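Content type mmCIF, C-alpha atoms and all ligand atoms, from the file structure-v9.cif:
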```
data_target
loop_
_atom_site.label_atom_id
_atom_site.label_comp_id
_atom_site.auth_asym_id
_atom_site.auth_seq_id
_atom_site.Cartn_x
_atom_site.Cartn_y
_atom_site.Cartn_z
CA MET V 230 -0.85 -5.89 17.47
CA HIS V 231 -1.10 -9.16 15.60
CA GLU V 232 -0.01 -12.21 17.52
CA GLN V 233 0.10 -15.37 15.49
CA THR V 234 -1.58 -18.38 17.04
CA ARG V 235 0.46 -20.59 14.71
CA SER V 236 3.91 -19.87 13.43
CA ARG V 237 3.96 -17.36 10.61
CA PRO V 238 5.19 -18.60 7.22
CA ALA V 239 8.58 -17.32 6.15
CA ARG V 240 8.69 -13.90 4.57
CA PRO V 241 7.68 -14.09 0.91
CA HIS V 242 9.78 -14.08 -2.20
CA THR V 243 12.95 -15.57 -0.91
CA GLY V 244 13.14 -17.08 -4.38
CA VAL V 245 13.63 -20.78 -3.64
CA THR V 246 11.54 -23.48 -2.01
CA GLU V 247 12.78 -25.40 1.02
CA ASP V 248 14.08 -28.16 -1.22
CA GLY V 249 16.00 -25.64 -3.29
CA ARG V 250 13.70 -25.30 -6.31
CA ARG V 251 12.97 -21.89 -7.79
CA ARG V 252 9.64 -20.65 -6.45
CA ARG V 253 7.03 -19.60 -9.02
CA GLU V 254 5.34 -16.49 -7.71
CA VAL V 255 2.71 -14.10 -8.90
CA LEU V 256 3.83 -10.66 -7.81
CA THR V 257 1.71 -7.54 -8.02
CA TYR V 258 4.84 -5.45 -8.66
CA SER V 259 7.75 -5.62 -11.04
CA ARG V 260 11.32 -5.51 -9.91
CA ARG V 261 12.47 -2.08 -10.97
CA GLY V 262 15.86 -0.41 -10.71
CA SER V 263 17.31 0.21 -7.29
CA ARG V 264 19.64 3.10 -8.08
CA LEU V 265 19.19 6.08 -5.80
CA SER V 266 19.89 9.65 -6.85
CA ASP V 267 22.30 11.52 -4.58
CA ARG V 268 19.39 13.32 -2.96
CA GLN V 269 17.58 10.03 -2.34
CA ALA V 270 20.70 8.32 -1.00
CA GLU V 271 21.18 11.14 1.48
CA ALA V 272 17.54 11.02 2.59
CA TRP V 273 17.74 7.23 2.91
CA GLU V 274 20.79 7.48 5.18
CA ARG V 275 19.27 10.32 7.17
CA ARG V 276 15.96 8.62 7.87
CA ARG V 277 16.23 4.84 7.46
CA ASP V 278 16.75 4.14 11.18
CA GLU V 279 13.80 6.29 12.13
CA TRP V 280 11.28 5.73 9.32
CA PHE V 281 12.07 2.40 7.67
CA ILE V 282 10.85 -0.87 9.18
CA PRO V 283 13.41 -3.56 8.38
CA GLU V 284 12.32 -6.87 6.90
CA GLU V 285 13.40 -8.75 10.03
CA ALA V 286 10.49 -7.11 11.86
CA ALA V 287 8.31 -9.70 10.15
CA ASP V 288 10.21 -12.55 11.76
CA ALA V 289 9.31 -11.61 15.34
CA THR V 290 6.45 -13.53 16.97
CA VAL V 291 4.51 -10.32 17.36
CA PHE V 292 4.35 -7.47 14.85
CA ASP V 293 3.13 -4.41 16.68
CA PRO V 294 3.03 -1.34 14.40
CA ALA V 295 2.78 0.99 17.41
CA VAL V 296 6.31 0.00 18.42
CA TRP V 297 7.67 1.35 15.13
CA PHE V 298 5.80 4.63 15.51
CA GLY V 299 6.68 5.01 19.17
CA ARG V 300 3.04 5.60 20.01
CA GLU V 301 -0.44 4.12 19.88
CA ALA V 302 -2.69 5.79 17.29
CA PRO V 303 -5.28 4.68 14.73
CA LEU V 304 -3.47 2.92 11.91
CA ILE V 305 -3.88 3.73 8.21
CA VAL V 306 -2.18 1.48 5.66
CA GLU V 307 -1.15 2.52 2.18
CA VAL V 308 -0.35 -0.20 -0.35
CA GLY V 309 2.13 0.82 -3.04
CA SER V 310 3.07 4.31 -1.91
CA GLY V 311 5.50 4.86 -4.82
CA ILE V 312 7.48 8.07 -4.34
CA GLY V 313 5.23 9.08 -1.47
CA GLU V 314 3.65 12.25 -2.81
CA ALA V 315 0.15 11.32 -1.68
CA THR V 316 1.49 9.64 1.46
CA ALA V 317 3.27 12.78 2.65
CA ALA V 318 0.39 15.16 1.92
CA LEU V 319 -2.29 12.94 3.44
CA ALA V 320 -0.22 11.99 6.49
CA ALA V 321 0.70 15.60 7.21
CA GLU V 322 -3.04 16.35 7.37
CA ARG V 323 -3.57 13.46 9.82
CA PRO V 324 -1.01 13.91 12.60
CA ASP V 325 -3.23 11.91 14.96
CA HIS V 326 -2.87 8.77 12.79
CA ASN V 327 -0.03 6.34 12.22
CA VAL V 328 0.44 5.74 8.49
CA LEU V 329 2.12 2.50 7.48
CA ALA V 330 3.21 2.65 3.82
CA PHE V 331 4.09 -0.50 1.90
CA GLU V 332 6.50 0.03 -0.98
CA VAL V 333 8.97 -2.51 -2.31
CA TRP V 334 10.84 -0.13 -4.63
CA ARG V 335 13.82 1.31 -2.77
CA PRO V 336 14.20 4.60 -4.75
CA GLY V 337 10.50 5.18 -4.08
CA VAL V 338 11.05 4.66 -0.36
CA ALA V 339 13.99 7.06 -0.32
CA GLU V 340 12.04 9.65 -2.32
CA THR V 341 9.18 9.23 0.15
CA PHE V 342 11.58 10.29 2.91
CA VAL V 343 12.34 13.45 0.90
CA GLN V 344 8.60 14.13 0.54
CA LEU V 345 7.92 13.49 4.23
CA GLU V 346 10.68 15.88 5.28
CA ARG V 347 9.27 18.55 2.98
CA ALA V 348 5.74 18.06 4.29
CA GLY V 349 6.94 17.96 7.90
CA ALA V 350 5.18 14.63 8.46
CA THR V 351 6.67 12.38 11.15
CA ASN V 352 3.79 9.90 11.39
CA VAL V 353 4.74 7.60 8.48
CA ARG V 354 6.77 4.40 8.53
CA VAL V 355 7.69 2.59 5.33
CA ILE V 356 8.08 -1.16 4.98
CA SER V 357 9.31 -3.08 1.93
CA ILE V 358 7.68 -6.44 2.41
CA ASP V 359 4.99 -7.53 -0.05
CA ALA V 360 1.80 -5.87 1.15
CA VAL V 361 -0.38 -8.82 0.18
CA TRP V 362 1.57 -11.18 2.40
CA SER V 363 1.83 -8.56 5.13
CA LEU V 364 -1.87 -7.78 5.32
CA GLU V 365 -2.48 -11.46 5.90
CA HIS V 366 0.37 -12.24 8.27
CA LEU V 367 1.36 -9.03 10.03
CA LEU V 368 -1.88 -7.11 10.49
CA GLY V 369 -4.82 -8.37 12.46
CA PRO V 370 -8.51 -8.48 11.52
CA GLY V 371 -10.28 -5.17 12.16
CA SER V 372 -7.00 -3.37 12.92
CA LEU V 373 -7.05 -0.65 10.25
CA ALA V 374 -8.66 2.77 10.51
CA GLY V 375 -8.20 3.22 6.76
CA LEU V 376 -6.64 1.76 3.64
CA TRP V 377 -5.29 3.63 0.61
CA THR V 378 -4.46 2.15 -2.78
CA PHE V 379 -3.68 4.82 -5.33
CA PHE V 380 -2.81 3.91 -8.91
CA PRO V 381 -1.87 0.28 -8.33
CA ASP V 382 0.07 -1.15 -11.27
CA PRO V 383 -2.55 -1.67 -14.03
CA TRP V 384 -0.87 -4.69 -15.67
CA PRO V 385 -2.61 -3.88 -18.98
CA LYS V 386 -1.61 -7.01 -20.93
CA GLN V 387 -4.13 -9.85 -20.74
CA ARG V 388 -1.48 -12.36 -19.68
CA HIS V 389 -0.52 -10.09 -16.77
CA HIS V 390 -4.03 -9.47 -15.43
CA ARG V 391 -3.49 -12.06 -12.72
CA ARG V 392 -0.81 -9.77 -11.28
CA ARG V 393 -3.31 -7.02 -10.52
CA LEU V 394 -3.53 -6.21 -6.82
CA VAL V 395 -7.31 -5.88 -6.57
CA THR V 396 -8.67 -9.40 -6.92
CA GLU V 397 -11.54 -11.10 -5.09
CA ALA V 398 -9.07 -12.71 -2.69
CA PHE V 399 -7.24 -9.49 -1.93
CA ALA V 400 -10.50 -7.58 -1.50
CA ALA V 401 -11.72 -10.15 1.03
CA LEU V 402 -8.42 -9.95 2.91
CA ALA V 403 -8.29 -6.16 2.87
CA ALA V 404 -11.92 -5.83 3.96
CA SER V 405 -11.28 -8.18 6.88
CA ARG V 406 -8.41 -5.96 8.07
CA LEU V 407 -10.55 -2.80 8.18
CA ALA V 408 -12.30 -1.80 11.38
CA PRO V 409 -16.08 -1.31 11.14
CA GLU V 410 -16.85 1.97 9.27
CA ALA V 411 -13.23 2.32 8.13
CA ALA V 412 -12.79 3.37 4.51
CA TRP V 413 -10.78 1.87 1.67
CA ARG V 414 -9.94 4.54 -0.87
CA LEU V 415 -8.61 3.70 -4.29
CA ALA V 416 -7.80 5.51 -7.51
CA THR V 417 -6.75 4.39 -10.95
CA ASP V 418 -6.21 5.87 -14.40
CA TRP V 419 -6.85 2.56 -16.14
CA ALA V 420 -10.53 2.27 -17.06
CA PRO V 421 -10.73 -1.54 -17.42
CA TYR V 422 -9.05 -1.91 -14.02
CA ALA V 423 -11.48 0.62 -12.53
CA GLU V 424 -14.34 -1.54 -13.79
CA GLN V 425 -12.72 -4.64 -12.32
CA MET V 426 -12.24 -2.91 -8.97
CA ALA V 427 -15.84 -1.68 -8.84
CA ARG V 428 -17.22 -5.10 -9.74
CA ILE V 429 -15.10 -6.89 -7.14
CA LEU V 430 -15.64 -4.37 -4.36
CA ASP V 431 -19.39 -4.09 -5.03
CA ASP V 432 -19.59 -7.88 -4.62
CA GLN V 433 -17.50 -8.01 -1.44
CA PRO V 434 -19.98 -8.71 1.39
CA LEU V 435 -17.92 -6.93 4.07
CA LEU V 436 -17.89 -3.67 2.08
CA GLU V 437 -20.40 -1.10 1.01
CA SER V 438 -19.89 1.82 -1.34
CA ALA V 439 -19.27 5.05 0.55
CA TYR V 440 -21.33 7.00 -2.00
CA ASP V 441 -24.61 6.57 -3.83
CA GLY V 442 -23.29 6.26 -7.34
CA PRO V 443 -19.73 6.90 -8.49
CA ALA V 444 -17.27 8.31 -5.96
CA PRO V 445 -16.17 11.87 -6.63
CA ARG V 446 -12.44 12.59 -6.77
CA TRP V 447 -11.25 12.45 -3.16
CA ALA V 448 -10.60 16.10 -2.40
CA ASP V 449 -7.83 15.27 0.10
CA ARG V 450 -5.81 13.32 -2.47
CA PRO V 451 -3.11 15.53 -4.00
CA LEU V 452 -2.50 15.57 -7.74
CA THR V 453 0.64 13.47 -8.11
CA ARG V 454 3.20 13.12 -10.87
CA PHE V 455 1.73 9.71 -11.69
CA GLU V 456 -1.81 11.03 -11.98
CA ARG V 457 -0.70 14.01 -14.06
CA ARG V 458 0.97 11.66 -16.49
CA GLY V 459 -2.29 9.70 -16.86
CA ILE V 460 -4.27 12.87 -17.47
CA ARG V 461 -1.73 14.08 -20.06
CA ALA V 462 -2.12 10.75 -21.84
CA GLY V 463 -5.88 11.37 -22.01
CA ARG V 464 -6.89 8.80 -19.43
CA ALA V 465 -9.82 9.35 -17.09
CA ILE V 466 -9.13 9.10 -13.37
CA THR V 467 -11.50 7.00 -11.28
CA ASP V 468 -11.71 7.23 -7.50
CA LEU V 469 -13.42 4.49 -5.52
CA ALA V 470 -14.39 4.54 -1.85
CA TYR V 471 -15.84 1.70 0.20
CA ARG V 472 -16.63 1.33 3.85
CA ARG V 473 -16.34 -1.75 6.04
CA ARG V 474 -19.82 -2.80 7.16
C1 LIG P 501 2.00 2.47 -10.23
S1 LIG P 501 2.80 2.76 -8.71
C2 LIG P 501 1.80 4.02 -7.94
C3 LIG P 501 2.49 4.66 -6.78
C4 LIG P 501 1.73 5.73 -5.99
N1 LIG P 501 0.62 5.16 -5.26
C5 LIG P 501 1.29 6.86 -6.86
O1 LIG P 501 0.08 7.09 -6.97
O2 LIG P 501 2.13 7.52 -7.47
C6 LIG P 501 2.40 1.31 -7.79
C7 LIG P 501 3.41 1.02 -6.71
O3 LIG P 501 2.96 -0.06 -5.92
C8 LIG P 501 4.07 -0.84 -5.52
N2 LIG P 501 3.55 -2.19 -5.20
C9 LIG P 501 2.83 -2.97 -6.01
N3 LIG P 501 2.49 -4.12 -5.40
C10 LIG P 501 3.01 -4.04 -4.14
C11 LIG P 501 2.99 -4.93 -3.04
N4 LIG P 501 2.38 -6.11 -3.12
N5 LIG P 501 3.61 -4.55 -1.90
C12 LIG P 501 4.25 -3.35 -1.83
N6 LIG P 501 4.29 -2.46 -2.84
C13 LIG P 501 3.68 -2.81 -4.00
C14 LIG P 501 5.00 -0.81 -6.71
O4 LIG P 501 6.35 -1.04 -6.35
C15 LIG P 501 4.79 0.61 -7.25
O5 LIG P 501 5.74 1.51 -6.78
#
```
Can you turn what I pasted into structure tokens?
Amino acid sequence: MHEQTRSRPARPHTGVTEDGRRRREVLTYSRRGSRLSDRQAEAWERRRDEWFIPEEAADATVFDPAVWFGREAPLIVEVGSGIGEATAALAAERPDHNVLAFEVWRPGVAETFVQLERAGATNVRVISIDAVWSLEHLLGPGSLAGLWTFFPDPWPKQRHHRRRLVTEAFAALAASRLAPEAAWRLATDWAPYAEQMARILDDQPLLESAYDGPAPRWADRPLTRFERRGIRAGRAITDLAYRRR
């Protein structure tokens, strides 16, 4: 549970400043289409009350993830869960954990519900508030039993590099949210981004590499549509794994 000692800033990306000017923001995601397929729309309606955490949850003085899961359990966070293929498979294997998935793309959230139903996983809640803001303002230091970041948007163009999720600042924030010994697992199919991640995470004082040398592919991580596409395009997949000191 994360209780703010000072009032929490307003939820991000409301678009305008208090004096009505358009806010300039650096987002780690792009605003993609919001059209749901029939199957996704049905899953959304079926599960939203149970599995989706509404944005207003961030306005309460206290954000207590356990309330949304209906139970206390070690909390794993996934940033950018996409269509939830990895989320569903990994969560189904960890019924004793609460898995909080951040995804701002509504069709992805709805598709995640489809995947969760198929996998029989009931221990996932999805929230559509910017994960960067949320890690800072909703989740307390040392509160995570694990963190997953699989195939974050690579932002390949030089002028977009500042939109990449894994920066020094985000690494420091994420590391601070992990409990001692908890692991941060990442994967990417974009070699220059993999190098950036390794450099930043190697330099982060709160983290240490979980392996001597390069991390092997995480055996638990399922082969997703996204990863398959990268492999088909001839890109090498890099897994990274770090532990909170
Ligand atoms: C390239 S996709 C990968 C999805 C999934 N992890 C996979 O492996 O298929 C990255 C996802 O992260 C989401 N995302 C990026 N930045 C985010 C943020 N700050 N908060 C929440 N979701 C974010 C995007 O909407 C996008 O769906």
Using only C-alpha atoms, which residues sit within 10 Å of range 452-454 of chain V once same-chain residues fewer than 6 positions away are excluded, as a compact mmCIF listing (two decimals) with C-alpha atoms, in the coordinates of the input?
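Done, and the output landed in result37.txt:
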```txt
# COMPACT_ATOMS: atom_id res chain seq x y z
CA ILE V 312 7.48 8.07 -4.34
CA GLY V 313 5.23 9.08 -1.47
CA GLU V 314 3.65 12.25 -2.81
CA ALA V 315 0.15 11.32 -1.68
CA ILE V 460 -4.27 12.87 -17.47
```
List every residue of chain V that has an atom at most 9 Å from any atom of ligand LIG 501 (chain P), and for each one report the closest atom pair and its distance in Å to one decimal, counting all atoms listed in the file, with rows sorted by chain and then by increasing residue number, as a tab-separated table.
```
residue	atom	partner	partner_atom	distance
V:Leu256	CA	P:LIG501	N4	6.7
V:Thr257	CA	P:LIG501	N3	4.4
V:Tyr258	CA	P:LIG501	C9	4.1
V:Ser259	CA	P:LIG501	O4	6.7
V:Arg260	CA	P:LIG501	O4	7.6
V:Arg261	CA	P:LIG501	O4	7.7
V:Glu307	CA	P:LIG501	N1	8.1
V:Val308	CA	P:LIG501	N6	5.7
V:Gly309	CA	P:LIG501	O3	3.1
V:Ser310	CA	P:LIG501	N1	4.2
V:Gly311	CA	P:LIG501	C3	3.6
V:Ile312	CA	P:LIG501	O2	6.2
V:Gly313	CA	P:LIG501	C4	6.6
V:Glu314	CA	P:LIG501	O2	6.8
V:Ala315	CA	P:LIG501	O1	6.8
V:Thr316	CA	P:LIG501	N1	8.1
V:Ala330	CA	P:LIG501	C12	8.3
V:Phe331	CA	P:LIG501	C12	4.7
V:Glu332	CA	P:LIG501	N6	3.8
V:Val333	CA	P:LIG501	N6	4.7
V:Trp334	CA	P:LIG501	O4	4.9
V:Arg335	CA	P:LIG501	O4	8.6
V:Gly337	CA	P:LIG501	O5	6.6
V:Val338	CA	P:LIG501	O5	8.9
V:Ile356	CA	P:LIG501	C12	8.1
V:Ser357	CA	P:LIG501	C12	6.3
V:Ile358	CA	P:LIG501	N5	6.2
V:Asp359	CA	P:LIG501	N5	3.8
V:Ala360	CA	P:LIG501	N5	3.8
V:Val361	CA	P:LIG501	N4	5.1
V:Trp362	CA	P:LIG501	N4	7.5
V:Ser363	CA	P:LIG501	N5	8.3
V:Trp377	CA	P:LIG501	N1	8.5
V:Thr378	CA	P:LIG501	N1	6.4
V:Phe379	CA	P:LIG501	N1	4.3
V:Phe380	CA	P:LIG501	C2	4.7
V:Pro381	CA	P:LIG501	C6	4.4
V:Asp382	CA	P:LIG501	C1	4.2
V:Pro383	CA	P:LIG501	C1	7.2
V:Arg392	CA	P:LIG501	N3	8.8
V:Arg393	CA	P:LIG501	N3	8.3
V:Leu394	CA	P:LIG501	N3	6.5
V:Ala416	CA	P:LIG501	O1	8.1
V:Thr417	CA	P:LIG501	O1	8.4
V:Leu452	CA	P:LIG501	O1	8.9
V:Thr453	CA	P:LIG501	O2	6.2
V:Arg454	CA	P:LIG501	O2	6.6
V:Phe455	CA	P:LIG501	O2	4.8
V:Glu456	CA	P:LIG501	O1	6.6
```
Just the number, please: distance in Å from CA of Pro324 in chain V to CA of Ala350 in chain V, one decimal.
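Interatomic distance here is 7.5 Å.
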Between V:Arg457, V:Asn352, V:Thr396, V:Ile466, single out the one closest to Asp432 in chain V, counting only C-alpha atoms.
V:Thr396
Determine, using only C-alpha atoms, which residues of range 285-354 of chain V have any atom at most 10 Å from an atom of range 397-408 of chain V, and tabulate each with its shortest atom pair and distance in Å to one decimal place, rows ordered by chain and then rising number, as JSON lines.
```
{"residue": "V:Leu304", "atom": "CA", "partner": "V:Leu407", "partner_atom": "CA", "distance": 9.8}
{"residue": "V:Ile305", "atom": "CA", "partner": "V:Leu407", "partner_atom": "CA", "distance": 9.3}
{"residue": "V:Val306", "atom": "CA", "partner": "V:Leu407", "partner_atom": "CA", "distance": 9.7}
```
Just to confirm, what's the straight-line distance from CA of Ala302 in chain V to CA of Ala339 in chain V in Å (one decimal)?
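Distance between the two atoms: 24.3 Å.
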Counting all atoms listed in the file, which residue out of V:Arg276, V:Arg264, V:Arg473, V:Arg428 sits closest to Pro370 in chain V?
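Between V:Arg276, V:Arg264, V:Arg473, V:Arg428, the residue approaching Pro370 in chain V most closely is V:Arg473.
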Output as lines of an AutoDock Vina configuration file the centre and edge lengths (Å, one decimal) of the box along x, y and z of the file that holds every listed atom of range 416-427 of chain V after adding 8 Å on each side.
```
center_x = -11.0
center_y = 0.6
center_z = -12.5
size_x = 25.6
size_y = 26.5
size_z = 25.9
```
So which one's closest to Pro283 in chain V, V:Leu430, V:Val355, V:Ala423, V:Leu367? Using all atoms listed in the file, please.
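Of the candidates, the smallest distance to Pro283 in chain V is held by V:Val355.
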Point-to-point distance in Å for CA of Pro409 in chain V and CA of Pro445 in chain V
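Between CA of Pro445 in chain V and CA of Pro409 in chain V the gap works out to 22.1 Å.
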Pick out the residues sitting within 12 Å of Gly299 in chain V, and hand them over as a PDB file with C-alpha atoms, in the coordinates of the input; count all atoms listed in the file, and ignore anything fewer than 6 positions along from it in its own chain.
```pdb
ATOM      1  CA  GLU V 279      13.800   6.290  12.130  1.00  0.00           C
ATOM      2  CA  TRP V 280      11.280   5.730   9.320  1.00  0.00           C
ATOM      3  CA  ASP V 293       3.130  -4.410  16.680  1.00  0.00           C
ATOM      4  CA  ASN V 327      -0.030   6.340  12.220  1.00  0.00           C
ATOM      5  CA  THR V 351       6.670  12.380  11.150  1.00  0.00           C
ATOM      6  CA  ASN V 352       3.790   9.900  11.390  1.00  0.00           C
ATOM      7  CA  VAL V 353       4.740   7.600   8.480  1.00  0.00           C
ATOM      8  CA  ARG V 354       6.770   4.400   8.530  1.00  0.00           C
TER       9      ARG V 354
END
```
Selected residue, from V:Val343, V:Ala444, V:Leu329, V:Ala317, that lies nearest to Glu274 in chain V when counting only C-alpha atoms:
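Answer, going by the shortest atom-to-atom distance: V:Val343.
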Neighbours of Glu301 in chain V within 9 Å (all atoms listed in the file; same-chain residues fewer than 4 positions away dropped), as JSON, numbers by chain?
{"V": [294, 295, 296, 326, 327]}
Measuring atom to atom with all atoms listed in the file, identify which of V:Arg474, V:Arg458, V:Arg446, V:Arg275 is nearest to Leu415 in chain V.
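The answer is V:Arg446, which sits nearest to Leu415 in chain V.
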For Glu284 in chain V, which of V:Arg240, V:Trp419, V:Ala272, V:Lys386 is the closest residue, counting all atoms listed in the file?
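Result for the nearest residue to Glu284 in chain V: V:Arg240.
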Which residues are near Ala470 in chain V? Cut-off 7 Å, all atoms listed in the file, ignore same chain within fewer than 3 positions. Put them as a PyMOL selection string.
chain V and resi 412-415+438-439+444
